[in-house]
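Engineer: Questions regarding the structure given below will be posed in turn.
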Amino acid sequence: LDGLRNGDSPEAGGFVCGAFGDGGPLTEAADALAIPHDSLRFDMGRLRGMRALARAIRKNHVDVLHVQSGYLLQLAYLPARMTGARIVYTEHAKHALQNKRRLRRVVQLLGRRADAVTTVSRNLKEYFVDALGFEDEAVTVVHNAVDTERFRPEGESERGRSIPARPTIIGTVARMTEAKDHGNLLKAFSKVLERDDDTLLALVGDGETRGDVERMVREYGLSERVLFLGRQERVPEFLRAMDVFVLPSKREGAPVSVLEAMACGIPVVATDVGGVGEIIEDGVNGRVVPPQDHEALGAALCWLLDRPETMRRFAVSGPAEVRRRFSREAMCRNYRTIYEQVVRNDRIRS
């Protein structure tokens, strides 16, 4: 972005990806794109980590430091200010802010001093304005996005491979954590089996609550009806193997998994948490139900399975909706505009 100071085109500059910890899932992608990156350890001491970040900013001539959570904002703020780097702060979810008073106060103090603040949903922006006291025009919404070249209806499928060709497949792609509420999904799925016992539930993902989920499957007598598929890299292939995608979460920011399923042409049933309501309009392009209500979730799944014409309509409208509103190109274009503005020292006003 060096060229932006002189009015040159954005292509004149470059980007640096900073990773906290021992690499991470972005390291391989950064290497593939020839993007230089540093892996910084803050568990060796906060001040030591801040000094290391400041050195990395100077070494790589970083103009914009894009911080992806309130927790990282408190670590990155001083190094950015010490080196003259602009700060773009993006928040993805409000759960930690709601439950950690100290973090909330840090965000209220430092977030107002960032050069730009963005959230991934209008729901989250409303929290910043109503609960944290940010000015409405100081927070910009930039929705999450998906790669519509990778996530599309056409392509290979796991149907007939790791997922049986028949019968009906209801599935989800999610880490197995307390927030994703797989227990709610299992109870709802039991209701679906009362309607049609020739249905399977495919669970893609792994995590700390997997043992609890496996125990519930046994307790509910679902062992023959639930597939544990673990963590998968080829997510589009698994999505295309599903007849219906379901997100049963207790809380979310702006769930990318819903966008990925829609982009692949899979009808979606999701709980009304976070930014879900900004993606799905109930009955128009999917179904939305209250969280932690397995009766409503089960009823919505049965409603959809009983209406094949509606399922086909959702399958057709999903990819078009994602391309129109949630494409990766649109998201990158929005962030790039923000980077250009802050480099030119214009504080972002939405």
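Each chain in the structure tokens gets a letter, A, B, ..., in the order shown, and its residues are numbered from 1; ligands are numbered from 1 in order too.
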Skip Leu227 (chain A) itself and residues of its chain fewer than 2 positions away, then list as a list in words all residues within 12 Å of it, counting only C-alpha atoms.
Structural biologist: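 Listed by chain and then number, they are Ser162, Ile163, Pro164, Ile169, Ile170, Gly171, Thr172, Leu186, Thr199, Leu200, Leu201, Ala202, Leu203, Val204, Gly205, Val213, Glu214, Val217, Leu222, Ser223, Glu224, Arg225, Leu229 and Gly230 of chain A.
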Engineer: So that I can see what lies close to Ser317 (chain A), please list as a list in words the residues with an atom at most 9 Å from it, counting only C-alpha atoms and leaving out residues fewer than 6 positions away in the same chain.
Structural biologist: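 Residues near the query, excluding close chain neighbours: Met262, Gly265 and Asn285 of chain A.
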Engineer: Keeping N, CA and C atoms, export the residues of the selection given above as an mmCIF file, in the first residue's frame.
Structural biologist:
```cif
data_model
loop_
_atom_site.group_PDB
_atom_site.id
_atom_site.type_symbol
_atom_site.label_atom_id
_atom_site.label_comp_id
_atom_site.auth_asym_id
_atom_site.auth_seq_id
_atom_site.Cartn_x
_atom_site.Cartn_y
_atom_site.Cartn_z
ATOM 1 N N MET A 262 -25.571 -22.340 0.895
ATOM 2 C CA MET A 262 -26.414 -21.690 -0.099
ATOM 3 C C MET A 262 -25.707 -21.591 -1.447
ATOM 4 N N GLY A 265 -26.027 -24.544 -3.468
ATOM 5 C CA GLY A 265 -27.384 -24.901 -3.868
ATOM 6 C C GLY A 265 -28.073 -25.847 -2.901
ATOM 7 N N ASN A 285 -35.937 -17.664 1.194
ATOM 8 C CA ASN A 285 -34.750 -18.332 0.652
ATOM 9 C C ASN A 285 -34.175 -19.355 1.632
#
```
Engineer: Out of A:Pro236, A:Gly318, A:Gly221, A:Gly274, which residue has the shortest atom-to-atom distance to Pro291 (chain A) when counting only C-alpha atoms?
Structural biologist: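 Checking each of A:Pro236, A:Gly318, A:Gly221, A:Gly274 against Pro291 (chain A), counting only C-alpha atoms, the winner is A:Gly274.
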Engineer: Taking the DSSP secondary structure from the backbone, can you list the residues of region 246-341 of chain A that are helix (DSSP H, G or I), as a count of residues only?
Structural biologist: 56
Engineer: Go through A:Val64, A:Glu278, A:Gln74, A:Pro248 and flag the residue nearest Asn184 (chain A), using only C-alpha atoms for the distances.
Structural biologist: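 The shortest atom-to-atom distance to Asn184 (chain A) comes from A:Pro248.
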Engineer: Can you work out the spacing between CA of Asn123 (chain A) and CA of Leu297 (chain A) in Å, to one decimal?
Structural biologist: 21.7 Å
Engineer: Taking 6 positions as the minimum chain separation for residues in the same chain, which residues sit within 8 Å of region 321-327 of chain A when counting only C-alpha atoms? Answer as a PyMOL selection string.
Structural biologist: chain A and resi 143-148+259+262-263
Engineer: Using the chain letters and numbers from this document, which residues of region 47-282 of chain A does DSSP assign to strand (DSSP E), as a VMD selection string?
Structural biologist: chain A and resid 64 to 67 86 to 91 116 to 119 139 to 141 168 to 173 199 to 204 226 to 230 244 to 247 268 to 271
Engineer: Return as a Markdown table the residues of region 246-333 of chain A lying at most 9 Å from region 82-93 of chain A, together with the closest atom-to-atom pair for each and the distance in Å to one decimal, counting only C-alpha atoms, with rows in chain order and ascending residue number.
Structural biologist:
```
| residue | atom | partner | partner_atom | distance |
| --- | --- | --- | --- | --- |
| A:Arg251 | CA | A:Ala93 | CA | 8.7 |
| A:Glu252 | CA | A:Ala93 | CA | 6.6 |
| A:Gly253 | CA | A:Ala93 | CA | 4.3 |
| A:Ala254 | CA | A:His92 | CA | 7.1 |
| A:Gly274 | CA | A:Ala93 | CA | 7.7 |
```
